[in-house]
>>> print(open('final.pdb').read())   # PDB, C-alpha atoms
ATOM      1  CA  MET D   1      31.398  19.896  40.547
ATOM      2  CA  ALA D   2      34.261  18.712  38.317
ATOM      3  CA  ASN D   3      34.281  15.343  40.051
ATOM      4  CA  ALA D   4      30.552  14.955  39.400
ATOM      5  CA  THR D   5      31.246  15.302  35.681
ATOM      6  CA  PHE D   6      34.005  12.699  35.900
ATOM      7  CA  TRP D   7      31.827  10.160  37.750
ATOM      8  CA  ASP D   8      28.889  10.745  35.400
ATOM      9  CA  LYS D   9      31.154   9.814  32.485
ATOM     10  CA  VAL D  10      32.415   6.596  34.065
ATOM     11  CA  ALA D  11      29.126   5.518  35.708
ATOM     12  CA  ASN D  12      28.188   2.806  33.196
ATOM     13  CA  LYS D  13      31.690   1.322  33.193
ATOM     14  CA  TYR D  14      31.776   1.467  36.987
ATOM     15  CA  ALA D  15      28.415  -0.298  37.246
ATOM     16  CA  ALA D  16      29.603  -3.084  34.950
ATOM     17  CA  SER D  17      32.850  -3.687  36.874
ATOM     18  CA  PRO D  18      32.770  -6.691  39.221
ATOM     19  CA  VAL D  19      33.867  -6.407  42.844
ATOM     20  CA  LYS D  20      37.603  -7.159  42.849
ATOM     21  CA  ASP D  21      37.696  -9.071  46.141
ATOM     22  CA  VAL D  22      34.260 -10.514  46.882
ATOM     23  CA  PRO D  23      35.195 -12.249  50.189
ATOM     24  CA  ALA D  24      36.729  -9.013  51.509
ATOM     25  CA  TYR D  25      33.642  -7.046  50.474
ATOM     26  CA  GLU D  26      31.337  -9.549  52.160
ATOM     27  CA  ASP D  27      33.480  -9.556  55.316
ATOM     28  CA  THR D  28      33.309  -5.747  55.386
ATOM     29  CA  LEU D  29      29.523  -5.805  55.183
ATOM     30  CA  ASP D  30      29.260  -8.544  57.822
ATOM     31  CA  ARG D  31      31.367  -6.464  60.202
ATOM     32  CA  THR D  32      29.310  -3.371  59.358
ATOM     33  CA  ARG D  33      26.096  -5.172  60.287
ATOM     34  CA  HIS D  34      27.571  -5.775  63.740
ATOM     35  CA  TYR D  35      27.119  -2.038  64.428
ATOM     36  CA  LEU D  36      23.628  -1.689  62.945
ATOM     37  CA  LYS D  37      20.207  -2.215  64.514
ATOM     38  CA  PRO D  38      16.820  -2.842  62.832
ATOM     39  CA  SER D  39      15.593   0.533  64.135
ATOM     40  CA  ASP D  40      18.552   2.499  62.700
ATOM     41  CA  ARG D  41      18.428   5.242  60.103
ATOM     42  CA  LEU D  42      21.589   4.849  58.039
ATOM     43  CA  LEU D  43      23.332   7.376  55.806
ATOM     44  CA  GLU D  44      25.747   6.182  53.133
ATOM     45  CA  ILE D  45      27.897   8.846  51.497
ATOM     46  CA  GLY D  46      29.462   8.252  48.089
ATOM     47  CA  CYS D  47      27.061   5.397  47.404
ATOM     48  CA  GLY D  48      27.907   5.082  43.702
ATOM     49  CA  THR D  49      25.493   2.740  41.951
ATOM     50  CA  GLY D  50      23.833   1.698  45.202
ATOM     51  CA  THR D  51      24.938  -1.903  45.719
ATOM     52  CA  THR D  52      26.031  -1.467  49.333
ATOM     53  CA  ALA D  53      23.032   0.648  50.352
ATOM     54  CA  LEU D  54      20.637  -1.896  48.880
ATOM     55  CA  THR D  55      22.458  -4.807  50.503
ATOM     56  CA  LEU D  56      22.436  -3.202  53.953
ATOM     57  CA  SER D  57      18.801  -2.113  53.682
ATOM     58  CA  ALA D  58      17.604  -5.395  55.211
ATOM     59  CA  SER D  59      19.554  -4.630  58.404
ATOM     60  CA  VAL D  60      18.076  -1.181  59.170
ATOM     61  CA  GLN D  61      14.833   0.747  59.143
ATOM     62  CA  GLU D  62      15.855   3.273  56.481
ATOM     63  CA  VAL D  63      18.820   4.118  54.258
ATOM     64  CA  ILE D  64      19.541   7.529  52.776
ATOM     65  CA  ALA D  65      22.311   7.109  50.195
ATOM     66  CA  THR D  66      24.017  10.117  48.610
ATOM     67  CA  ASP D  67      26.371  10.697  45.711
ATOM     68  CA  ILE D  68      27.410  13.670  43.569
ATOM     69  CA  SER D  69      26.837  11.776  40.313
ATOM     70  CA  GLY D  70      23.314  11.880  38.960
ATOM     71  CA  GLN D  71      24.181   9.144  36.482
ATOM     72  CA  MET D  72      25.401   6.837  39.251
ATOM     73  CA  LEU D  73      22.181   7.461  41.163
ATOM     74  CA  SER D  74      20.050   6.777  38.110
ATOM     75  CA  ILE D  75      21.609   3.317  37.904
ATOM     76  CA  ALA D  76      21.140   2.868  41.656
ATOM     77  CA  ASP D  77      17.458   3.795  41.419
ATOM     78  CA  SER D  78      16.950   1.249  38.652
ATOM     79  CA  LYS D  79      18.461  -1.453  40.866
ATOM     80  CA  ARG D  80      16.196  -0.415  43.737
ATOM     81  CA  GLU D  81      13.083  -0.645  41.568
ATOM     82  CA  GLU D  82      14.113  -4.015  40.121
ATOM     83  CA  ARG D  83      14.576  -5.471  43.609
ATOM     84  CA  GLY D  84      11.426  -3.891  45.035
ATOM     85  CA  ILE D  85      13.293  -2.312  47.947
ATOM     86  CA  THR D  86      11.244   0.448  49.567
ATOM     87  CA  ASN D  87      13.359   1.693  52.491
ATOM     88  CA  VAL D  88      16.242   3.176  50.460
ATOM     89  CA  SER D  89      16.282   6.716  49.060
ATOM     90  CA  PHE D  90      19.005   7.945  46.705
ATOM     91  CA  VAL D  91      19.848  11.642  46.935
ATOM     92  CA  GLU D  92      22.176  13.695  44.736
ATOM     93  CA  SER D  93      24.288  15.683  47.166
ATOM     94  CA  GLU D  94      27.787  16.882  47.956
ATOM     95  CA  VAL D  95      29.431  15.012  50.822
ATOM     96  CA  THR D  96      29.478  18.092  53.073
ATOM     97  CA  LYS D  97      25.973  19.359  52.316
ATOM     98  CA  PRO D  98      23.748  19.248  55.431
ATOM     99  CA  LEU D  99      20.721  16.982  55.094
ATOM    100  CA  ALA D 100      17.386  18.073  56.538
ATOM    101  CA  VAL D 101      16.640  14.480  57.574
ATOM    102  CA  ALA D 102      19.720  14.288  59.850
ATOM    103  CA  PRO D 103      20.812  13.187  62.396
ATOM    104  CA  PHE D 104      21.423   9.513  61.631
ATOM    105  CA  ASP D 105      22.170   6.527  63.836
ATOM    106  CA  ALA D 106      25.076   5.427  61.630
ATOM    107  CA  ILE D 107      27.009   6.603  58.586
ATOM    108  CA  CYS D 108      28.828   4.405  56.065
ATOM    109  CA  ALA D 109      31.699   5.789  54.012
ATOM    110  CA  PHE D 110      33.243   3.126  51.787
ATOM    111  CA  SER D 111      36.000   3.968  49.278
ATOM    112  CA  ILE D 112      35.128   7.671  49.439
ATOM    113  CA  LEU D 113      37.236   9.475  52.077
ATOM    114  CA  HIS D 114      40.338   9.464  49.849
ATOM    115  CA  LEU D 115      38.286  11.191  47.130
ATOM    116  CA  VAL D 116      36.974  14.206  49.063
ATOM    117  CA  ASP D 117      38.336  17.730  48.653
ATOM    118  CA  ASP D 118      38.965  18.248  52.380
ATOM    119  CA  LEU D 119      39.114  15.228  54.691
ATOM    120  CA  GLN D 120      38.938  17.177  57.953
ATOM    121  CA  GLU D 121      35.972  19.243  56.794
ATOM    122  CA  THR D 122      34.209  16.074  55.664
ATOM    123  CA  LEU D 123      34.694  14.242  58.972
ATOM    124  CA  THR D 124      33.664  17.294  61.005
ATOM    125  CA  HIS D 125      30.512  17.534  58.895
ATOM    126  CA  MET D 126      29.788  13.828  59.411
ATOM    127  CA  HIS D 127      30.138  14.376  63.161
ATOM    128  CA  SER D 128      27.354  16.972  62.927
ATOM    129  CA  GLN D 129      25.100  14.624  60.966
ATOM    130  CA  ILE D 130      25.183  11.700  63.395
ATOM    131  CA  LYS D 131      23.539  11.170  66.761
ATOM    132  CA  PRO D 132      25.647  11.050  69.936
ATOM    133  CA  GLY D 133      26.668   7.419  70.358
ATOM    134  CA  GLY D 134      26.336   6.796  66.624
ATOM    135  CA  TYR D 135      28.935   5.068  64.458
ATOM    136  CA  VAL D 136      30.801   6.030  61.314
ATOM    137  CA  ILE D 137      31.840   2.849  59.523
ATOM    138  CA  SER D 138      34.453   3.403  56.831
ATOM    139  CA  LYS D 139      36.866   1.651  54.529
ATOM    140  CA  THR D 140      39.449   3.849  52.839
ATOM    141  CA  PRO D 141      42.311   3.167  50.425
ATOM    142  CA  CYS D 142      45.444   4.584  52.085
ATOM    143  CA  LEU D 143      47.637   5.444  49.125
ATOM    144  CA  ALA D 144      50.545   7.277  50.779
ATOM    145  CA  GLY D 145      52.913   4.381  50.113
ATOM    146  CA  MET D 146      52.253   4.208  46.376
ATOM    147  CA  ASN D 147      55.060   4.482  43.845
ATOM    148  CA  ALA D 148      56.218   8.121  43.756
ATOM    149  CA  LEU D 149      55.748   8.183  39.967
ATOM    150  CA  VAL D 150      52.008   7.576  40.336
ATOM    151  CA  ARG D 151      51.238  10.978  41.861
ATOM    152  CA  PRO D 152      52.423  13.143  38.937
ATOM    153  CA  LEU D 153      50.697  10.740  36.548
ATOM    154  CA  ILE D 154      47.408  11.230  38.386
ATOM    155  CA  LYS D 155      47.916  15.019  38.304
ATOM    156  CA  VAL D 156      48.230  14.874  34.518
ATOM    157  CA  MET D 157      45.123  12.686  34.274
ATOM    158  CA  GLN D 158      43.203  15.111  36.485
ATOM    159  CA  PHE D 159      44.207  18.007  34.225
ATOM    160  CA  PHE D 160      42.590  16.214  31.287
ATOM    161  CA  GLY D 161      39.517  15.151  33.301
ATOM    162  CA  LYS D 162      40.582  11.496  33.362
ATOM    163  CA  ALA D 163      40.896  11.167  37.170
ATOM    164  CA  PRO D 164      39.070  12.562  40.213
ATOM    165  CA  THR D 165      40.500  14.275  43.295
ATOM    166  CA  VAL D 166      42.699  11.810  45.215
ATOM    167  CA  LEU D 167      44.162  12.182  48.723
ATOM    168  CA  PHE D 168      47.341  10.239  49.478
ATOM    169  CA  LEU D 169      46.775   9.261  53.111
ATOM    170  CA  ASN D 170      48.305   6.738  55.449
ATOM    171  CA  ALA D 171      46.367   4.881  58.132
ATOM    172  CA  ARG D 172      47.712   6.989  60.991
ATOM    173  CA  GLU D 173      46.762  10.249  59.275
ATOM    174  CA  LEU D 174      43.278   8.910  58.650
ATOM    175  CA  GLU D 175      42.760   7.851  62.261
ATOM    176  CA  THR D 176      44.138  11.178  63.513
ATOM    177  CA  ALA D 177      41.668  13.046  61.316
ATOM    178  CA  PHE D 178      38.784  11.107  62.895
ATOM    179  CA  HIS D 179      40.010  12.030  66.383
ATOM    180  CA  ARG D 180      40.363  15.699  65.467
ATOM    181  CA  ALA D 181      36.766  15.678  64.236
ATOM    182  CA  GLY D 182      35.595  14.530  67.674
ATOM    183  CA  PHE D 183      35.269  10.784  67.153
ATOM    184  CA  GLU D 184      36.667   7.962  69.247
ATOM    185  CA  THR D 185      38.052   4.880  67.488
ATOM    186  CA  VAL D 186      36.183   1.648  68.189
ATOM    187  CA  GLU D 187      37.787  -0.722  65.678
ATOM    188  CA  THR D 188      40.444  -0.663  62.961
ATOM    189  CA  GLY D 189      41.805  -3.254  60.578
ATOM    190  CA  HIS D 190      41.508  -4.549  57.037
ATOM    191  CA  PHE D 191      39.799  -7.328  55.103
ATOM    192  CA  GLY D 192      41.267  -9.372  52.293
ATOM    193  CA  LYS D 193      44.691  -9.143  50.691
ATOM    194  CA  ASN D 194      44.732  -5.366  50.212
ATOM    195  CA  LEU D 195      46.467  -4.117  53.360
ATOM    196  CA  LYS D 196      46.177  -0.518  52.132
ATOM    197  CA  SER D 197      42.373  -0.545  52.443
ATOM    198  CA  HIS D 198      41.900   0.597  56.040
ATOM    199  CA  PHE D 199      38.696  -0.232  57.935
ATOM    200  CA  ILE D 200      37.737   2.152  60.734
ATOM    201  CA  VAL D 201      34.709   2.218  62.994
ATOM    202  CA  ALA D 202      34.514   5.534  64.853
ATOM    203  CA  ARG D 203      31.940   6.609  67.413
ATOM    204  CA  ARG D 204      30.611  10.039  68.282
ATOM    205  CA  PRO D 205      30.774  10.107  72.092
ATOM    206  CA  ALA D 206      27.371  10.193  73.787
TER     207      ALA D 206
END
>>> encode(input="final.pdb", output="structure tokens")
Amino acid sequence: MANATFWDKVANKYAASPVKDVPAYEDTLDRTRHYLKPSDRLLEIGCGTGTTALTLSASVQEVIATDISGQMLSIADSKREERGITNVSFVESEVTKPLAVAPFDAICAFSILHLVDDLQETLTHMHSQIKPGGYVISKTPCLAGMNALVRPLIKVMQFFGKAPTVLFLNARELETAFHRAGFETVETGHFGKNLKSHFIVARRPA
């Protein structure tokens, strides 16, 4: 749970940070809504302080939003109460922990798949938590092309608890991992100026 400790420490700073590219974020959510129905039960993993889950709540019947950071979820719950939203539940949980309320119609995974301990295990688990025909909608920073000096710097920061687990993926590796987990790709692309942030919609075959 080392990453939980890290995210608990940075939760307040994270909550206060503005979205870097608002148009890209809004475009991502608009495209996400294309795959959602009013009757859907949606799972969001790595929900952070809950902004996305709360925003998408108007498009579905129910949202279960999980994160490993209790402090992040405390902030998310406060937002939910302030807005009077009743169809969102925030749950402290590891990404690969089975949920008794599964399966879901759709799963959202935004800016989280590069932070998991084991990508293939995570995607295989998500496959088990979604209904046949359901969609996984994701947006993932693909950091494989970063400056080679960044990786050892991050390792040092991780040693001192100043950085979380980070996977250095490229878009092809990410898509291949989805296929190996049993998904079929429906849509790929990116929004905004950051070409490294890869959008994937994957479907569990019916």
>>> residues_around(input="final.pdb", residues="Leu167 (chain D)", least_positions_apart="5", cutoff="9 Å", atoms="all atoms listed in the file", output="JSON list (two decimals) with C-alpha atoms, keeping the file's coordinate frame")
[["chain", "number", "residue", "atom", "x", "y", "z"],
["D", 113, "LEU", "CA", 37.24, 9.48, 52.08],
["D", 114, "HIS", "CA", 40.34, 9.46, 49.85],
["D", 115, "LEU", "CA", 38.29, 11.19, 47.13],
["D", 116, "VAL", "CA", 36.97, 14.21, 49.06],
["D", 117, "ASP", "CA", 38.34, 17.73, 48.65],
["D", 118, "ASP", "CA", 38.97, 18.25, 52.38],
["D", 119, "LEU", "CA", 39.11, 15.23, 54.69],
["D", 142, "CYS", "CA", 45.44, 4.58, 52.08],
["D", 143, "LEU", "CA", 47.64, 5.44, 49.12],
["D", 144, "ALA", "CA", 50.54, 7.28, 50.78]]
>>> resolve_selection(input="final.pdb", expression="the PyMOL selection byres ((chain D and resi 9-13) around 12)", output="ChimeraX atom specification")
/D:2-8,14-18,47-50,67-76,161-164
>>> residues_around(input="final.pdb", residues="region 57-62 of chain D", least_positions_apart="2", cutoff="7 Å", atoms="only C-alpha atoms", output="VMD selection string")
chain D and resid 33 36 to 42 53 to 55 64 87 to 88
>>> write_last_selection(input="final.pdb", atoms="C-alpha atoms", output="mmCIF file, keeping the file's coordinate frame")
data_model
loop_
_atom_site.group_PDB
_atom_site.id
_atom_site.type_symbol
_atom_site.label_atom_id
_atom_site.label_comp_id
_atom_site.auth_asym_id
_atom_site.auth_seq_id
_atom_site.Cartn_x
_atom_site.Cartn_y
_atom_site.Cartn_z
ATOM 1 C CA ARG D 33 26.096 -5.172 60.287
ATOM 2 C CA LEU D 36 23.628 -1.689 62.945
ATOM 3 C CA LYS D 37 20.207 -2.215 64.514
ATOM 4 C CA PRO D 38 16.820 -2.842 62.832
ATOM 5 C CA SER D 39 15.593 0.533 64.135
ATOM 6 C CA ASP D 40 18.552 2.499 62.700
ATOM 7 C CA ARG D 41 18.428 5.242 60.103
ATOM 8 C CA LEU D 42 21.589 4.849 58.039
ATOM 9 C CA ALA D 53 23.032 0.648 50.352
ATOM 10 C CA LEU D 54 20.637 -1.896 48.880
ATOM 11 C CA THR D 55 22.458 -4.807 50.503
ATOM 12 C CA ILE D 64 19.541 7.529 52.776
ATOM 13 C CA ASN D 87 13.359 1.693 52.491
ATOM 14 C CA VAL D 88 16.242 3.176 50.460
#
>>> residues_around(input="final.pdb", residues="Asn170 (chain D)", least_positions_apart="5", cutoff="10 Å", atoms="all atoms listed in the file", output="PDB file with C-alpha atoms, in the frame of the given file")
ATOM      1  CA  THR D 140      39.449   3.849  52.839  1.00  0.00           C
ATOM      2  CA  PRO D 141      42.311   3.167  50.425  1.00  0.00           C
ATOM      3  CA  CYS D 142      45.444   4.584  52.085  1.00  0.00           C
ATOM      4  CA  LEU D 143      47.637   5.444  49.125  1.00  0.00           C
ATOM      5  CA  ALA D 144      50.545   7.277  50.779  1.00  0.00           C
ATOM      6  CA  GLY D 145      52.913   4.381  50.113  1.00  0.00           C
ATOM      7  CA  GLU D 175      42.760   7.851  62.261  1.00  0.00           C
ATOM      8  CA  LYS D 196      46.177  -0.518  52.132  1.00  0.00           C
ATOM      9  CA  SER D 197      42.373  -0.545  52.443  1.00  0.00           C
ATOM     10  CA  HIS D 198      41.900   0.597  56.040  1.00  0.00           C
TER      11      HIS D 198
END
>>> closest_residue(input="final.pdb", among="D:Glu44, D:Asp105, D:Glu184, D:Glu26", to="Phe90 (chain D)", atoms="all atoms listed in the file")
D:Glu44
>>> closest_residue(input="final.pdb", among="D:Lys20, D:Arg80, D:Arg204, D:Arg180", to="Gln129 (chain D)", atoms="all atoms listed in the file")
D:Arg204
>>> axis_aligned_box(input="final.pdb", around="region 76-94 of chain D", padding_each_side="8 Å", output="JSON")
{"center_x": 19.5, "center_y": 5.7, "center_z": 45.6, "size_x": 32.5, "size_y": 38.4, "size_z": 29.8}
>>> residues_near_point(input="final.pdb", point="(22.2, 8.8, 51.2)", cutoff="7 Å", atoms="all atoms listed in the file", output="ChimeraX atom specification")
/D:43-45,63-66,89-91
>>> residues_around(input="final.pdb", residues="region 21-25 of chain D", least_positions_apart="5", cutoff="12 Å", atoms="all atoms listed in the file", output="VMD selection string")
chain D and resid 30 to 32 51 to 52 55 110 to 111 139 189 to 195 197 to 199
>>> closest_residue(input="final.pdb", among="D:Thr185, D:Val19, D:Ile107, D:His125", to="Leu56 (chain D)", atoms="only C-alpha atoms")
D:Ile107
>>> decode(input="final.pdb", residues="region 14-39 of chain D", atoms="N, CA, C and O atoms", output="PDB file, in the first residue's frame")
ATOM      1  N   TYR D  14      -3.293  17.806  -4.983  1.00  0.00           N
ATOM      2  CA  TYR D  14      -3.907  17.282  -6.203  1.00  0.00           C
ATOM      3  C   TYR D  14      -5.295  17.898  -6.423  1.00  0.00           C
ATOM      4  O   TYR D  14      -5.643  18.312  -7.530  1.00  0.00           O
ATOM      5  N   ALA D  15      -6.067  17.970  -5.355  1.00  0.00           N
ATOM      6  CA  ALA D  15      -7.424  18.517  -5.440  1.00  0.00           C
ATOM      7  C   ALA D  15      -7.418  19.986  -5.846  1.00  0.00           C
ATOM      8  O   ALA D  15      -8.343  20.459  -6.511  1.00  0.00           O
ATOM      9  N   ALA D  16      -6.376  20.706  -5.437  1.00  0.00           N
ATOM     10  CA  ALA D  16      -6.307  22.139  -5.718  1.00  0.00           C
ATOM     11  C   ALA D  16      -5.722  22.444  -7.100  1.00  0.00           C
ATOM     12  O   ALA D  16      -5.788  23.593  -7.555  1.00  0.00           O
ATOM     13  N   SER D  17      -5.183  21.420  -7.776  1.00  0.00           N
ATOM     14  CA  SER D  17      -4.551  21.648  -9.078  1.00  0.00           C
ATOM     15  C   SER D  17      -5.595  21.707 -10.177  1.00  0.00           C
ATOM     16  O   SER D  17      -6.441  20.813 -10.283  1.00  0.00           O
ATOM     17  N   PRO D  18      -5.573  22.731 -11.009  1.00  0.00           N
ATOM     18  CA  PRO D  18      -6.550  22.828 -12.102  1.00  0.00           C
ATOM     19  C   PRO D  18      -6.254  21.815 -13.197  1.00  0.00           C
ATOM     20  O   PRO D  18      -5.121  21.338 -13.341  1.00  0.00           O
ATOM     21  N   VAL D  19      -7.259  21.463 -13.967  1.00  0.00           N
ATOM     22  CA  VAL D  19      -7.066  20.599 -15.131  1.00  0.00           C
ATOM     23  C   VAL D  19      -6.169  21.332 -16.128  1.00  0.00           C
ATOM     24  O   VAL D  19      -6.404  22.496 -16.451  1.00  0.00           O
ATOM     25  N   LYS D  20      -5.122  20.649 -16.608  1.00  0.00           N
ATOM     26  CA  LYS D  20      -4.126  21.315 -17.447  1.00  0.00           C
ATOM     27  C   LYS D  20      -4.678  21.687 -18.826  1.00  0.00           C
ATOM     28  O   LYS D  20      -4.327  22.723 -19.379  1.00  0.00           O
ATOM     29  N   ASP D  21      -5.496  20.825 -19.393  1.00  0.00           N
ATOM     30  CA  ASP D  21      -6.040  21.066 -20.731  1.00  0.00           C
ATOM     31  C   ASP D  21      -7.550  20.834 -20.666  1.00  0.00           C
ATOM     32  O   ASP D  21      -8.038  19.733 -20.909  1.00  0.00           O
ATOM     33  N   VAL D  22      -8.286  21.893 -20.327  1.00  0.00           N
ATOM     34  CA  VAL D  22      -9.725  21.764 -20.122  1.00  0.00           C
ATOM     35  C   VAL D  22     -10.450  21.300 -21.383  1.00  0.00           C
ATOM     36  O   VAL D  22     -11.297  20.393 -21.319  1.00  0.00           O
ATOM     37  N   PRO D  23     -10.183  21.864 -22.572  1.00  0.00           N
ATOM     38  CA  PRO D  23     -10.873  21.381 -23.776  1.00  0.00           C
ATOM     39  C   PRO D  23     -10.642  19.889 -24.027  1.00  0.00           C
ATOM     40  O   PRO D  23     -11.576  19.175 -24.415  1.00  0.00           O
ATOM     41  N   ALA D  24      -9.415  19.421 -23.812  1.00  0.00           N
ATOM     42  CA  ALA D  24      -9.122  17.999 -24.024  1.00  0.00           C
ATOM     43  C   ALA D  24      -9.876  17.140 -23.022  1.00  0.00           C
ATOM     44  O   ALA D  24     -10.397  16.066 -23.367  1.00  0.00           O
ATOM     45  N   TYR D  25      -9.954  17.598 -21.781  1.00  0.00           N
ATOM     46  CA  TYR D  25     -10.694  16.866 -20.750  1.00  0.00           C
ATOM     47  C   TYR D  25     -12.181  16.797 -21.111  1.00  0.00           C
ATOM     48  O   TYR D  25     -12.806  15.727 -21.023  1.00  0.00           O
ATOM     49  N   GLU D  26     -12.736  17.913 -21.539  1.00  0.00           N
ATOM     50  CA  GLU D  26     -14.149  17.944 -21.902  1.00  0.00           C
ATOM     51  C   GLU D  26     -14.427  17.082 -23.133  1.00  0.00           C
ATOM     52  O   GLU D  26     -15.458  16.398 -23.203  1.00  0.00           O
ATOM     53  N   ASP D  27     -13.511  17.093 -24.099  1.00  0.00           N
ATOM     54  CA  ASP D  27     -13.668  16.243 -25.283  1.00  0.00           C
ATOM     55  C   ASP D  27     -13.628  14.765 -24.896  1.00  0.00           C
ATOM     56  O   ASP D  27     -14.374  13.941 -25.447  1.00  0.00           O
ATOM     57  N   THR D  28     -12.748  14.427 -23.954  1.00  0.00           N
ATOM     58  CA  THR D  28     -12.657  13.040 -23.477  1.00  0.00           C
ATOM     59  C   THR D  28     -13.974  12.601 -22.849  1.00  0.00           C
ATOM     60  O   THR D  28     -14.482  11.508 -23.120  1.00  0.00           O
ATOM     61  N   LEU D  29     -14.548  13.449 -22.016  1.00  0.00           N
ATOM     62  CA  LEU D  29     -15.809  13.105 -21.368  1.00  0.00           C
ATOM     63  C   LEU D  29     -16.956  13.036 -22.374  1.00  0.00           C
ATOM     64  O   LEU D  29     -17.825  12.160 -22.268  1.00  0.00           O
ATOM     65  N   ASP D  30     -16.968  13.936 -23.351  1.00  0.00           N
ATOM     66  CA  ASP D  30     -18.005  13.898 -24.381  1.00  0.00           C
ATOM     67  C   ASP D  30     -17.939  12.581 -25.153  1.00  0.00           C
ATOM     68  O   ASP D  30     -18.975  11.960 -25.447  1.00  0.00           O
ATOM     69  N   ARG D  31     -16.727  12.152 -25.481  1.00  0.00           N
ATOM     70  CA  ARG D  31     -16.576  10.898 -26.223  1.00  0.00           C
ATOM     71  C   ARG D  31     -16.955   9.712 -25.330  1.00  0.00           C
ATOM     72  O   ARG D  31     -17.525   8.723 -25.805  1.00  0.00           O
ATOM     73  N   THR D  32     -16.644   9.805 -24.050  1.00  0.00           N
ATOM     74  CA  THR D  32     -17.003   8.752 -23.106  1.00  0.00           C
ATOM     75  C   THR D  32     -18.513   8.583 -23.032  1.00  0.00           C
ATOM     76  O   THR D  32     -19.043   7.459 -23.032  1.00  0.00           O
ATOM     77  N   ARG D  33     -19.221   9.693 -22.993  1.00  0.00           N
ATOM     78  CA  ARG D  33     -20.691   9.646 -22.913  1.00  0.00           C
ATOM     79  C   ARG D  33     -21.301   8.926 -24.113  1.00  0.00           C
ATOM     80  O   ARG D  33     -22.402   8.366 -24.019  1.00  0.00           O
ATOM     81  N   HIS D  34     -20.604   8.931 -25.227  1.00  0.00           N
ATOM     82  CA  HIS D  34     -21.090   8.257 -26.431  1.00  0.00           C
ATOM     83  C   HIS D  34     -21.307   6.757 -26.166  1.00  0.00           C
ATOM     84  O   HIS D  34     -22.168   6.135 -26.805  1.00  0.00           O
ATOM     85  N   TYR D  35     -20.538   6.199 -25.235  1.00  0.00           N
ATOM     86  CA  TYR D  35     -20.602   4.762 -24.951  1.00  0.00           C
ATOM     87  C   TYR D  35     -21.437   4.432 -23.708  1.00  0.00           C
ATOM     88  O   TYR D  35     -21.507   3.268 -23.304  1.00  0.00           O
ATOM     89  N   LEU D  36     -22.058   5.428 -23.117  1.00  0.00           N
ATOM     90  CA  LEU D  36     -22.833   5.211 -21.896  1.00  0.00           C
ATOM     91  C   LEU D  36     -24.330   5.357 -22.164  1.00  0.00           C
ATOM     92  O   LEU D  36     -24.736   6.132 -23.018  1.00  0.00           O
ATOM     93  N   LYS D  37     -25.115   4.607 -21.367  1.00  0.00           N
ATOM     94  CA  LYS D  37     -26.571   4.686 -21.460  1.00  0.00           C
ATOM     95  C   LYS D  37     -27.144   5.058 -20.094  1.00  0.00           C
ATOM     96  O   LYS D  37     -26.525   4.782 -19.060  1.00  0.00           O
ATOM     97  N   PRO D  38     -28.330   5.670 -20.056  1.00  0.00           N
ATOM     98  CA  PRO D  38     -28.933   6.058 -18.771  1.00  0.00           C
ATOM     99  C   PRO D  38     -29.133   4.894 -17.811  1.00  0.00           C
ATOM    100  O   PRO D  38     -29.162   5.091 -16.598  1.00  0.00           O
ATOM    101  N   SER D  39     -29.255   3.681 -18.336  1.00  0.00           N
ATOM    102  CA  SER D  39     -29.478   2.500 -17.490  1.00  0.00           C
ATOM    103  C   SER D  39     -28.183   1.853 -17.010  1.00  0.00           C
ATOM    104  O   SER D  39     -28.212   0.881 -16.241  1.00  0.00           O
TER     105      SER D  39
END
